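Peer 1: structure.txt is the file, holding compact mmCIF, C-alpha atoms and all ligand atoms:
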# COMPACT_ATOMS: atom_id res chain seq x y z
CA MET A 440 -23.01 -5.16 24.22
CA ASP A 441 -21.54 -1.79 23.33
CA LYS A 442 -21.13 -0.52 19.79
CA VAL A 443 -17.66 -1.20 18.32
CA ASP A 444 -16.15 1.23 15.84
CA PHE A 445 -12.72 2.31 14.61
CA ILE A 446 -11.18 5.26 12.78
CA TYR A 447 -10.24 5.15 9.12
CA LEU A 448 -7.27 7.18 7.80
CA SER A 449 -6.41 7.62 4.12
CA GLN A 450 -2.87 8.32 2.94
CA GLU A 451 -3.71 12.03 2.65
CA GLU A 452 -5.04 12.20 6.21
CA ILE A 453 -1.81 10.60 7.44
CA LEU A 454 0.29 13.06 5.41
CA ASP A 455 -1.73 15.96 6.84
CA LEU A 456 -0.56 15.01 10.34
CA ASN A 457 2.92 16.26 9.29
CA ILE A 458 4.83 13.72 11.35
CA PRO A 459 8.52 14.52 10.90
CA MET A 460 11.14 11.92 9.93
CA SER A 461 12.89 12.52 13.27
CA LYS A 462 9.77 11.16 15.05
CA ILE A 463 9.61 8.11 12.75
CA ILE A 464 13.27 7.37 13.50
CA GLU A 465 12.63 7.70 17.25
CA LEU A 466 9.65 5.32 17.09
CA VAL A 467 11.38 2.69 14.95
CA GLU A 468 14.47 2.83 17.16
CA GLN A 469 12.26 2.19 20.20
CA GLY A 470 10.71 -0.74 18.32
CA LEU A 471 14.10 -2.22 17.43
CA TYR A 472 15.23 -1.77 21.04
CA GLU A 473 12.25 -3.87 22.18
CA HIS A 474 13.04 -6.44 19.48
CA GLY A 475 16.67 -6.61 20.66
CA HIS A 476 15.39 -7.40 24.14
CA LYS A 477 13.10 -10.10 22.70
CA ARG A 478 9.92 -8.40 23.87
CA VAL A 479 8.17 -8.39 20.50
CA GLU A 480 6.10 -11.11 18.91
CA ASN A 481 6.84 -10.75 15.19
CA PRO A 482 6.15 -14.00 13.27
CA PRO A 483 7.52 -14.51 9.72
CA LYS A 484 5.35 -12.98 7.00
CA PRO A 485 2.92 -15.43 5.39
CA GLY A 486 1.92 -14.42 1.90
CA ILE A 487 -0.09 -15.19 -1.20
CA HIS A 488 1.30 -14.89 -4.73
CA SER A 489 -1.17 -14.41 -7.56
CA LYS A 490 1.46 -13.57 -10.21
CA PRO A 491 5.19 -14.19 -10.67
CA ASP A 492 7.12 -11.44 -8.77
CA ALA A 493 3.98 -10.29 -6.93
CA PHE A 494 3.02 -10.78 -3.30
CA ILE A 495 0.50 -9.87 -0.65
CA HIS A 496 2.03 -10.32 2.81
CA ALA A 497 0.45 -10.39 6.26
CA MET A 498 2.74 -8.74 8.79
CA PRO A 499 1.54 -8.83 12.42
CA ALA A 500 3.47 -7.64 15.48
CA TYR A 501 2.81 -7.32 19.20
CA TYR A 502 4.94 -5.38 21.71
CA GLN A 503 4.67 -7.18 25.03
CA LYS A 504 5.98 -4.35 27.20
CA LEU A 505 4.47 -1.44 25.29
CA GLY A 506 1.07 -3.08 24.80
CA ILE A 507 0.97 -2.19 21.10
CA GLY A 508 -0.14 -4.52 18.32
CA GLY A 509 -1.44 -4.64 14.78
CA LEU A 510 -1.05 -5.92 11.27
CA LYS A 511 0.11 -4.75 7.87
CA TRP A 512 -1.52 -6.39 4.83
CA VAL A 513 0.68 -5.15 2.01
CA SER A 514 0.84 -5.94 -1.69
CA GLY A 515 3.77 -5.55 -4.10
CA TYR A 516 2.90 -5.77 -7.80
CA PRO A 517 5.87 -4.61 -9.94
CA THR A 518 3.81 -4.26 -13.14
CA ASN A 519 1.22 -1.95 -11.54
CA ARG A 520 2.91 1.22 -12.70
CA LYS A 521 1.78 0.55 -16.28
CA LEU A 522 -1.79 0.56 -14.97
CA GLY A 523 -1.37 3.83 -13.11
CA LEU A 524 -1.42 2.03 -9.76
CA PRO A 525 1.21 2.04 -7.02
CA GLN A 526 3.56 -0.91 -6.84
CA ILE A 527 3.26 -1.08 -3.04
CA ALA A 528 -0.19 -0.66 -1.46
CA GLY A 529 -2.25 -1.93 1.41
CA LEU A 530 -3.73 -1.42 4.84
CA MET A 531 -2.61 -1.27 8.44
CA LEU A 532 -4.73 -2.33 11.36
CA VAL A 533 -4.11 -1.20 14.93
CA ASN A 534 -5.75 -3.32 17.65
CA ASP A 535 -6.50 -2.81 21.33
CA MET A 536 -4.19 -5.27 23.10
CA GLU A 537 -6.57 -5.61 26.08
CA THR A 538 -9.65 -6.58 24.06
CA GLY A 539 -8.35 -7.37 20.57
CA MET A 540 -10.84 -4.87 19.10
CA PRO A 541 -9.74 -2.90 16.01
CA LEU A 542 -8.91 0.72 16.84
CA ALA A 543 -7.84 1.98 13.42
CA VAL A 544 -7.57 1.01 9.77
CA MET A 545 -5.23 3.13 7.67
CA ASP A 546 -3.25 3.30 4.45
CA CYS A 547 0.16 1.60 4.74
CA ARG A 548 2.11 3.08 1.82
CA TRP A 549 3.61 6.14 3.49
CA ILE A 550 4.29 4.17 6.66
CA THR A 551 6.19 1.55 4.64
CA ALA A 552 8.22 4.22 2.86
CA VAL A 553 9.25 6.17 5.96
CA ARG A 554 9.85 3.27 8.33
CA THR A 555 12.20 1.62 5.80
CA ALA A 556 14.27 4.80 5.56
CA ALA A 557 14.21 5.14 9.35
CA VAL A 558 15.72 1.65 9.67
CA SER A 559 18.61 2.76 7.42
CA ALA A 560 19.10 5.90 9.52
CA ILE A 561 19.21 3.86 12.74
CA THR A 562 21.72 1.49 11.11
CA ALA A 563 23.85 4.52 10.23
CA LYS A 564 23.60 5.90 13.76
CA TYR A 565 25.24 2.74 15.13
CA CYS A 566 27.32 1.55 12.16
CA ALA A 567 28.56 4.55 10.13
CA LYS A 568 32.10 5.69 10.84
CA LYS A 569 32.39 8.87 12.90
CA ASP A 570 33.55 11.27 10.20
CA THR A 571 31.02 10.17 7.58
CA THR A 572 30.32 12.95 5.07
CA SER A 573 29.62 11.18 1.77
CA LEU A 574 26.95 8.90 0.33
CA GLY A 575 26.47 7.13 -2.99
CA VAL A 576 22.85 6.36 -3.92
CA VAL A 577 21.84 3.98 -6.70
CA GLY A 578 18.13 4.27 -7.45
CA CYS A 579 16.40 7.63 -7.01
CA GLY A 580 12.88 6.28 -6.50
CA VAL A 581 10.76 6.31 -3.34
CA GLN A 582 13.39 4.67 -1.13
CA GLY A 583 16.37 6.54 -2.59
CA ARG A 584 14.48 9.75 -1.79
CA MET A 585 13.24 8.82 1.67
CA ASN A 586 16.62 7.46 2.68
CA ILE A 587 18.59 10.65 2.03
CA VAL A 588 16.12 12.57 4.22
CA ALA A 589 16.43 10.01 7.03
CA LEU A 590 20.22 9.67 6.77
CA LYS A 591 20.69 13.45 6.94
CA GLU A 592 18.72 13.43 10.23
CA VAL A 593 21.33 11.23 11.92
CA ILE A 594 24.40 12.40 9.97
CA PRO A 595 24.10 16.19 9.82
CA ASP A 596 27.64 16.45 8.32
CA LEU A 597 26.54 14.57 5.22
CA HIS A 598 27.28 16.89 2.28
CA ASP A 599 28.73 14.94 -0.66
CA VAL A 600 26.13 12.78 -2.42
CA GLY A 601 26.66 10.90 -5.70
CA VAL A 602 23.57 9.49 -7.40
CA PHE A 603 22.94 7.12 -10.27
CA ASP A 604 19.64 6.02 -11.80
CA ILE A 605 18.88 4.52 -15.21
CA ASN A 606 16.16 7.17 -15.39
CA SER A 607 17.93 10.52 -15.84
CA GLU A 608 14.72 12.44 -15.00
CA ALA A 609 14.65 10.75 -11.57
CA MET A 610 18.24 11.91 -10.92
CA LYS A 611 17.42 15.45 -12.04
CA ARG A 612 14.40 15.63 -9.72
CA TYR A 613 16.48 14.23 -6.87
CA LYS A 614 19.02 17.04 -7.22
CA GLU A 615 16.33 19.72 -7.57
CA ASP A 616 14.35 18.47 -4.60
CA PHE A 617 17.09 17.79 -2.06
CA GLU A 618 20.23 19.84 -2.77
CA THR A 619 18.97 23.04 -1.18
CA GLU A 620 16.44 21.50 1.19
CA LEU A 621 19.01 19.24 2.84
CA ASP A 622 22.06 21.46 2.26
CA VAL A 623 24.04 18.76 0.44
CA SER A 624 25.92 18.72 -2.85
CA ILE A 625 24.27 16.19 -5.19
CA LYS A 626 26.20 14.99 -8.23
CA PRO A 627 24.29 12.92 -10.82
CA ALA A 628 26.71 10.29 -12.17
CA LYS A 629 27.04 8.46 -15.47
CA SER A 630 27.66 5.06 -13.86
CA VAL A 631 27.19 3.17 -10.61
CA LYS A 632 30.97 3.26 -10.07
CA GLU A 633 31.11 7.07 -10.41
CA ALA A 634 28.29 7.49 -7.87
CA VAL A 635 29.51 5.07 -5.19
CA ASP A 636 33.24 4.30 -5.46
CA GLY A 637 34.99 5.31 -2.23
CA LYS A 638 31.92 6.86 -0.56
CA ASP A 639 31.52 6.56 3.25
CA MET A 640 28.06 5.06 2.72
CA ILE A 641 26.61 3.30 -0.31
CA LEU A 642 22.87 2.74 -0.62
CA THR A 643 21.14 0.75 -3.36
CA ALA A 644 17.37 1.08 -3.76
CA THR A 645 16.58 -0.28 -7.22
CA GLN A 646 14.15 -2.76 -8.77
CA ARG A 647 14.29 -6.00 -10.78
CA LEU A 648 18.00 -6.31 -11.55
CA PRO A 649 19.32 -8.79 -14.13
CA GLU A 650 22.70 -8.68 -12.38
CA PRO A 651 24.31 -7.03 -9.32
CA LEU A 652 25.52 -3.43 -9.46
CA VAL A 653 27.98 -2.77 -6.62
CA LYS A 654 31.46 -4.30 -6.88
CA ASN A 655 33.52 -5.32 -3.91
CA GLU A 656 36.39 -3.02 -4.94
CA TRP A 657 34.17 0.10 -4.67
CA PHE A 658 33.15 -0.86 -1.11
CA LYS A 659 36.18 0.64 0.65
CA PRO A 660 37.42 0.12 4.26
CA GLY A 661 35.22 2.10 6.67
CA CYS A 662 32.23 2.07 4.34
CA LEU A 663 28.69 1.28 5.46
CA GLY A 664 26.64 -0.36 2.69
CA PHE A 665 22.88 -0.73 2.44
CA GLY A 666 21.13 -3.09 0.03
CA LEU A 667 17.40 -2.55 0.10
CA GLU A 668 16.74 -5.23 -2.53
CA ALA A 669 17.62 -8.16 -0.23
CA SER A 670 21.10 -8.77 -1.70
CA ARG A 671 20.36 -8.48 -5.44
CA ALA A 672 22.29 -5.23 -6.03
CA TRP A 673 25.54 -6.33 -4.36
CA TYR A 674 28.09 -8.76 -5.85
CA GLY A 675 28.54 -11.97 -3.84
CA ASP A 676 32.14 -11.21 -2.82
CA ALA A 677 31.10 -7.81 -1.39
CA ILE A 678 28.45 -9.57 0.70
CA LEU A 679 30.57 -12.50 1.81
CA GLU A 680 33.78 -10.55 2.51
CA CYS A 681 32.33 -7.64 4.50
CA ASP A 682 33.61 -7.39 8.08
CA LYS A 683 30.16 -7.22 9.63
CA PHE A 684 26.83 -8.23 8.18
CA VAL A 685 23.81 -6.67 9.89
CA THR A 686 20.11 -7.17 9.23
CA ASP A 687 16.90 -6.30 11.03
CA SER A 688 15.77 -9.92 10.70
CA TRP A 689 18.00 -12.97 10.36
CA ASP A 690 14.97 -15.31 10.04
CA GLN A 691 13.70 -13.35 7.06
CA THR A 692 17.20 -13.23 5.58
CA VAL A 693 17.44 -17.02 5.74
CA TYR A 694 13.92 -17.28 4.27
CA PHE A 695 14.95 -15.02 1.36
CA TYR A 696 18.10 -17.14 0.86
CA GLU A 697 15.99 -20.29 0.70
CA HIS A 698 13.91 -18.58 -2.00
CA GLY A 699 16.79 -17.48 -4.26
CA ALA A 700 18.40 -14.41 -2.67
CA PHE A 701 22.11 -14.48 -1.76
CA PRO A 702 22.95 -16.80 -4.72
CA ASP A 703 26.63 -17.01 -3.66
CA GLY A 704 25.75 -18.05 -0.10
CA LEU A 705 24.69 -16.45 3.15
CA PRO A 706 27.17 -14.19 4.95
CA THR A 707 27.93 -14.78 8.64
CA LEU A 708 25.56 -12.76 10.79
CA HIS A 709 27.27 -10.23 13.06
CA ALA A 710 24.06 -8.99 14.72
CA GLU A 711 20.45 -8.18 14.20
CA LEU A 712 19.91 -4.43 14.22
CA GLY A 713 17.70 -4.70 17.30
CA GLU A 714 20.56 -6.33 19.21
CA VAL A 715 22.83 -3.43 18.28
CA VAL A 716 20.23 -0.85 19.31
CA ALA A 717 19.59 -2.70 22.61
CA GLY A 718 23.34 -2.80 23.34
CA VAL A 719 23.40 -6.61 23.29
CA LYS A 720 25.97 -6.61 20.44
CA PRO A 721 28.28 -3.85 19.22
CA GLY A 722 27.77 -1.81 16.06
CA ARG A 723 30.88 -0.35 14.47
CA GLU A 724 34.08 -0.93 16.44
CA SER A 725 36.73 0.45 14.06
CA ASP A 726 36.98 3.07 11.32
CA LYS A 727 38.25 0.41 8.92
CA GLU A 728 35.39 -2.08 9.12
CA ARG A 729 33.27 -2.61 6.04
CA ILE A 730 29.74 -3.11 7.33
CA LEU A 731 26.92 -4.26 5.07
CA ALA A 732 23.30 -3.89 6.18
CA ILE A 733 20.58 -5.75 4.36
CA ASN A 734 17.44 -4.83 6.26
CA ILE A 735 14.46 -6.82 5.11
CA GLY A 736 11.61 -4.97 6.82
CA LEU A 737 9.77 -6.14 9.93
CA ALA A 738 6.14 -5.75 10.91
CA LEU A 739 7.18 -4.26 14.25
CA GLU A 740 8.64 -1.26 12.36
CA ASP A 741 5.25 -0.58 10.77
CA VAL A 742 3.09 -1.31 13.78
CA ILE A 743 4.83 1.11 16.16
CA VAL A 744 4.46 3.92 13.61
CA ALA A 745 0.79 3.06 12.90
CA ASP A 746 0.02 3.00 16.63
CA TYR A 747 1.54 6.47 17.03
CA ILE A 748 -0.48 7.75 14.05
CA TYR A 749 -3.63 6.33 15.63
CA LYS A 750 -2.89 8.08 18.92
CA VAL A 751 -2.24 11.41 17.21
CA ALA A 752 -5.36 11.14 15.03
CA LYS A 753 -7.89 9.47 17.30
CA ASP A 754 -9.52 12.61 18.66
CA GLY A 755 -9.43 14.45 15.34
CA ASP A 756 -12.14 14.85 12.75
CA HIS A 757 -11.75 11.50 10.98
CA GLN A 758 -14.22 9.02 9.59
CA ARG A 759 -15.39 6.38 12.08
CA LEU A 760 -16.59 3.07 10.70
CA THR A 761 -18.94 0.87 12.67
CA LEU A 762 -17.89 -2.75 13.11
CA MET A 763 -21.08 -3.69 15.01
CA GLU A 764 -23.96 -1.89 16.72
CA SER A 765 -25.02 -4.64 19.12
CA ASP A 766 -25.16 -8.39 19.64
CA PHE A 767 -26.95 -10.44 17.00
N1 LIG B 1 13.82 -3.58 3.06
C1 LIG B 1 12.61 -3.05 3.12
O1 LIG B 1 12.00 -2.99 4.18
C2 LIG B 1 12.03 -2.45 1.89
C3 LIG B 1 10.84 -1.68 1.97
C4 LIG B 1 10.37 -1.05 0.81
C5 LIG B 1 11.05 -1.23 -0.40
N2 LIG B 1 12.17 -2.03 -0.43
C6 LIG B 1 12.91 -2.26 -1.68
O2 LIG B 1 13.60 -1.07 -2.04
C7 LIG B 1 13.82 -1.07 -3.45
C8 LIG B 1 13.44 0.30 -4.02
O3 LIG B 1 12.05 0.50 -3.81
P1 LIG B 1 11.35 1.87 -4.27
O4 LIG B 1 10.00 1.89 -3.67
O5 LIG B 1 12.28 2.99 -4.01
O6 LIG B 1 11.23 1.63 -5.84
P2 LIG B 1 11.03 2.72 -6.98
O7 LIG B 1 10.48 2.01 -8.17
O8 LIG B 1 10.31 3.91 -6.45
O9 LIG B 1 12.53 3.20 -7.33
C9 LIG B 1 13.47 2.37 -7.91
C10 LIG B 1 14.44 3.24 -8.70
O10 LIG B 1 15.53 2.42 -9.14
C11 LIG B 1 15.87 2.79 -10.46
N3 LIG B 1 16.57 1.68 -11.08
C12 LIG B 1 16.07 0.50 -11.49
N4 LIG B 1 17.05 -0.28 -11.99
C13 LIG B 1 18.20 0.43 -11.86
C14 LIG B 1 19.56 0.17 -12.19
N5 LIG B 1 19.92 -0.96 -12.77
N6 LIG B 1 20.48 1.12 -11.91
C15 LIG B 1 20.10 2.30 -11.34
N7 LIG B 1 18.84 2.60 -11.01
C16 LIG B 1 17.90 1.68 -11.28
C17 LIG B 1 14.52 3.13 -11.11
O11 LIG B 1 14.69 3.93 -12.27
C18 LIG B 1 13.82 3.87 -9.96
O12 LIG B 1 14.08 5.26 -10.00
C19 LIG B 1 12.97 -2.23 -4.01
O13 LIG B 1 13.83 -3.31 -4.31
C20 LIG B 1 12.03 -2.57 -2.89
O14 LIG B 1 11.64 -3.93 -2.90
C21 LIG B 1 12.66 -2.61 0.68
Render the structure in this file as structure tokens.
Ligand SMILES: NC(=O)c1ccc[n+]([C@@H]2O[C@H](COP(=O)([O-])OP(=O)(O)OC[C@H]3O[C@@H](n4cnc5c(N)ncnc54)[C@H](O)[C@@H]3O)[C@@H](O)[C@H]2O)c1

Peer 2:
Amino acid sequence: MDKVDFIYLSQEEILDLNIPMSKIIELVEQGLYEHGHKRVENPPKPGIHSKPDAFIHAMPAYYQKLGIGGLKWVSGYPTNRKLGLPQIAGLMLVNDMETGMPLAVMDCRWITAVRTAAVSAITAKYCAKKDTTSLGVVGCGVQGRMNIVALKEVIPDLHDVGVFDINSEAMKRYKEDFETELDVSIKPAKSVKEAVDGKDMILTATQRLPEPLVKNEWFKPGCLGFGLEASRAWYGDAILECDKFVTDSWDQTVYFYEHGAFPDGLPTLHAELGEVVAGVKPGRESDKERILAINIGLALEDVIVADYIYKVAKDGDHQRLTLMESDF
């Protein structure tokens, strides 16, 4: 029996590969296209829960046509920050789909951050109205930051950005970091309303909300809304009265509903994002539609990015770990 080994990549080694957001968007779009054609095995995430509000989820996916497969084992512990630890952490595994052998083990935090923003960008590509130039962001943390970078990739005319965060330092950093880099005007606001009312796109990326933030009346005709917190930041009437409700996973949406999300009821599904990308169902059809996207996050989005990272890194100077030397 031959020796079996795999490569190990830390977060820093992944960052050093300098993979641009445009590549992440391309990969995730390809993944969603396969999903829309029902060529991906992506079972619901099983998880364990050692504390209230905390989870560790197993997220496997296999692309039948592309021959790509792997697993994300990701934890979310909201109180970690106090301990100087990241809230989201974990590992990705990439496997050989001919033999099942592990090919790579790598950090999953950066992959999670960029693939989530890429999903928003792909949603915007198909569901934003044509003359979109403005965006309201609530929550200037990891996702608020990644999402503006990804959205600018697909909407180069984006130039008017309102932001609100309960942490004024986070808003200040957001303006300093992105105004010049992305060539957009960023206006820190004093309220959610000031940041989002009447914007072409509204994106919420907050944490642990006692009550929703975005009112139906601020979600104007033609707007594309994104709720990254699985419904919690949007008032029930905004969710239920939108013209089209889109998500990357209806199964996961229903699962979240059964566990307390969407307290005012589930909206009617217009389409899964993969179906829109695959051309099975339309995205935006009129400049007046209010479209709300609540993308939950699918393993297939992580696995296609991890597989690409493996392929880029596999011949480089990275640590190889031995799984076994020989038969026992
Ligand atoms: N759908 C997915 O696939 C996916 C993937 C990753 C993260 N998420 C979700 O995205 C959300 C944001 O994650 P993150 O990693 O950016 O978190 P983060 O902690 O880095 O940032 C959250 C930001 O929201 C701000 N905030 C909190 N409450 C607020 C309020 N009431 N009003 C305004 N701002 C407020 C915080 O100050 C912080 O700056 C979380 O709910 C997370 O679960 C979703």

Peer 1: How would you write, as a ChimeraX atom specification, the set of residues no farther than 8 Å from ligand LIG 1 (chain B) when counting only C-alpha atoms and all ligand atoms?

Peer 2: /A:526-527,551-552,554-555,577-584,603-606,609-610,631,643-649,652,666-669,733-737

Peer 1: Dig up all the protein and nucleic acid residues within 8 Å of (34.5, 7.2, 5.9) in the file frame, using all atoms listed in the file, and format them as a PyMOL selection string.

Peer 2: chain A and resi 567-573+638-640+660-662+726

Peer 1: Could you save the residues just selected, with C-alpha atoms, as a short mmCIF file (atom, residue, chain, number, x, y, z; two decimals), keeping the file's coordinate frame?

Peer 2:
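Saved as out39.cif:
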data_model
loop_
_atom_site.label_atom_id
_atom_site.label_comp_id
_atom_site.auth_asym_id
_atom_site.auth_seq_id
_atom_site.Cartn_x
_atom_site.Cartn_y
_atom_site.Cartn_z
CA ALA A 567 28.56 4.55 10.13
CA LYS A 568 32.10 5.69 10.84
CA LYS A 569 32.39 8.87 12.90
CA ASP A 570 33.55 11.27 10.20
CA THR A 571 31.02 10.17 7.58
CA THR A 572 30.32 12.95 5.07
CA SER A 573 29.62 11.18 1.77
CA LYS A 638 31.92 6.86 -0.56
CA ASP A 639 31.52 6.56 3.25
CA MET A 640 28.06 5.06 2.72
CA PRO A 660 37.42 0.12 4.26
CA GLY A 661 35.22 2.10 6.67
CA CYS A 662 32.23 2.07 4.34
CA ASP A 726 36.98 3.07 11.32
#

Peer 1: Please compute the CA of Gly470 (chain A)-CA of Val716 (chain A) distance, one decimal, in Å.

Peer 2: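 Going from CA of Gly470 (chain A) over to CA of Val716 (chain A) covers 9.6 Å.
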
Peer 1: What does the structure give for the distance between CA of Leu590 (chain A) and CA of Ala560 (chain A), in Å to one decimal?

Peer 2: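 Straight-line distance from CA of Leu590 (chain A) to CA of Ala560 (chain A) works out to 4.8 Å.
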
Peer 1: List as number ranges by chain the protein and nucleic acid residues near region 623-625 of chain A, meaning an atom at most 12 Å away when all atoms listed in the file are counted, but skip any in the same chain fewer than 6 places from it.

Peer 2: A: 572-576, 579, 587-588, 590-591, 594-603, 610-617, 634

Peer 1: Using all atoms listed in the file, which residue out of A:Ile458, A:Met540, A:Glu480, A:Pro627 lies closest to Asp441 (chain A)?

Peer 2: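 Closest to Asp441 (chain A), using all atoms listed in the file: A:Met540.
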
Peer 1: By how many Å are CA of Leu542 (chain A) and CA of Ile561 (chain A) apart?

Peer 2: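 Straight-line distance from CA of Leu542 (chain A) to CA of Ile561 (chain A) works out to 28.6 Å.
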
Peer 1: List the spatial neighbours of Ile730 (chain A) as a list in words - criterion: any atom at most 7 Å away, only C-alpha atoms, same-chain residues fewer than 4 positions off excluded.

Peer 2: Cys662, Leu663, Gly664, Cys681, Asp682, Lys683 and Phe684 of chain A

Peer 1: When you get a chance, write out all heavy atoms for region 471-478 of chain A, as a short mmCIF file (atom, residue, chain, number, x, y, z; two decimals), in the coordinates of the input.

Peer 2:
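The file below, out00.cif, is the result:
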data_model
loop_
_atom_site.label_atom_id
_atom_site.label_comp_id
_atom_site.auth_asym_id
_atom_site.auth_seq_id
_atom_site.Cartn_x
_atom_site.Cartn_y
_atom_site.Cartn_z
N LEU A 471 12.94 -1.32 17.59
CA LEU A 471 14.10 -2.22 17.43
C LEU A 471 14.73 -2.53 18.79
O LEU A 471 15.22 -3.64 19.02
CB LEU A 471 15.12 -1.59 16.47
CG LEU A 471 14.65 -1.56 15.00
CD1 LEU A 471 15.54 -0.65 14.17
CD2 LEU A 471 14.64 -2.97 14.39
N TYR A 472 14.71 -1.55 19.67
CA TYR A 472 15.23 -1.77 21.04
C TYR A 472 14.42 -2.89 21.73
O TYR A 472 14.98 -3.80 22.33
CB TYR A 472 15.12 -0.45 21.82
CG TYR A 472 15.58 -0.53 23.25
CD1 TYR A 472 16.91 -0.30 23.58
CD2 TYR A 472 14.68 -0.80 24.27
CE1 TYR A 472 17.34 -0.37 24.90
CE2 TYR A 472 15.09 -0.87 25.59
CZ TYR A 472 16.42 -0.65 25.90
OH TYR A 472 16.83 -0.73 27.20
N GLU A 473 13.10 -2.82 21.60
CA GLU A 473 12.25 -3.87 22.18
C GLU A 473 12.54 -5.22 21.52
O GLU A 473 12.59 -6.25 22.19
CB GLU A 473 10.76 -3.50 22.01
CG GLU A 473 10.31 -2.31 22.84
CD GLU A 473 10.46 -2.56 24.34
OE1 GLU A 473 10.00 -3.60 24.82
OE2 GLU A 473 11.06 -1.71 25.02
N HIS A 474 12.72 -5.20 20.21
CA HIS A 474 13.04 -6.44 19.48
C HIS A 474 14.36 -7.03 19.97
O HIS A 474 14.47 -8.24 20.18
CB HIS A 474 13.12 -6.11 17.97
CG HIS A 474 13.26 -7.33 17.10
ND1 HIS A 474 14.23 -7.44 16.13
CD2 HIS A 474 12.55 -8.48 17.05
CE1 HIS A 474 14.12 -8.61 15.52
NE2 HIS A 474 13.10 -9.26 16.05
N GLY A 475 15.35 -6.16 20.18
CA GLY A 475 16.67 -6.61 20.66
C GLY A 475 16.58 -7.24 22.04
O GLY A 475 17.40 -8.10 22.40
N HIS A 476 15.59 -6.81 22.81
CA HIS A 476 15.39 -7.40 24.14
C HIS A 476 14.36 -8.55 24.12
O HIS A 476 13.92 -9.00 25.17
CB HIS A 476 14.94 -6.31 25.14
CG HIS A 476 16.08 -5.46 25.60
ND1 HIS A 476 17.13 -5.95 26.33
CD2 HIS A 476 16.34 -4.15 25.41
CE1 HIS A 476 17.99 -4.97 26.59
NE2 HIS A 476 17.55 -3.87 26.02
N LYS A 477 14.01 -8.94 22.90
CA LYS A 477 13.10 -10.10 22.70
C LYS A 477 11.76 -9.91 23.40
O LYS A 477 11.22 -10.82 24.02
CB LYS A 477 13.78 -11.40 23.14
CG LYS A 477 15.14 -11.61 22.47
CD LYS A 477 15.50 -13.06 22.32
CE LYS A 477 16.83 -13.29 21.61
NZ LYS A 477 17.01 -12.55 20.36
N ARG A 478 11.23 -8.69 23.27
CA ARG A 478 9.92 -8.40 23.87
C ARG A 478 8.88 -8.09 22.79
O ARG A 478 7.92 -7.37 23.05
CB ARG A 478 10.05 -7.21 24.83
CG ARG A 478 10.92 -7.53 26.05
CD ARG A 478 10.78 -6.48 27.12
NE ARG A 478 11.34 -5.20 26.77
CZ ARG A 478 12.38 -4.62 27.37
NH1 ARG A 478 12.99 -5.23 28.37
NH2 ARG A 478 12.81 -3.43 26.98
#
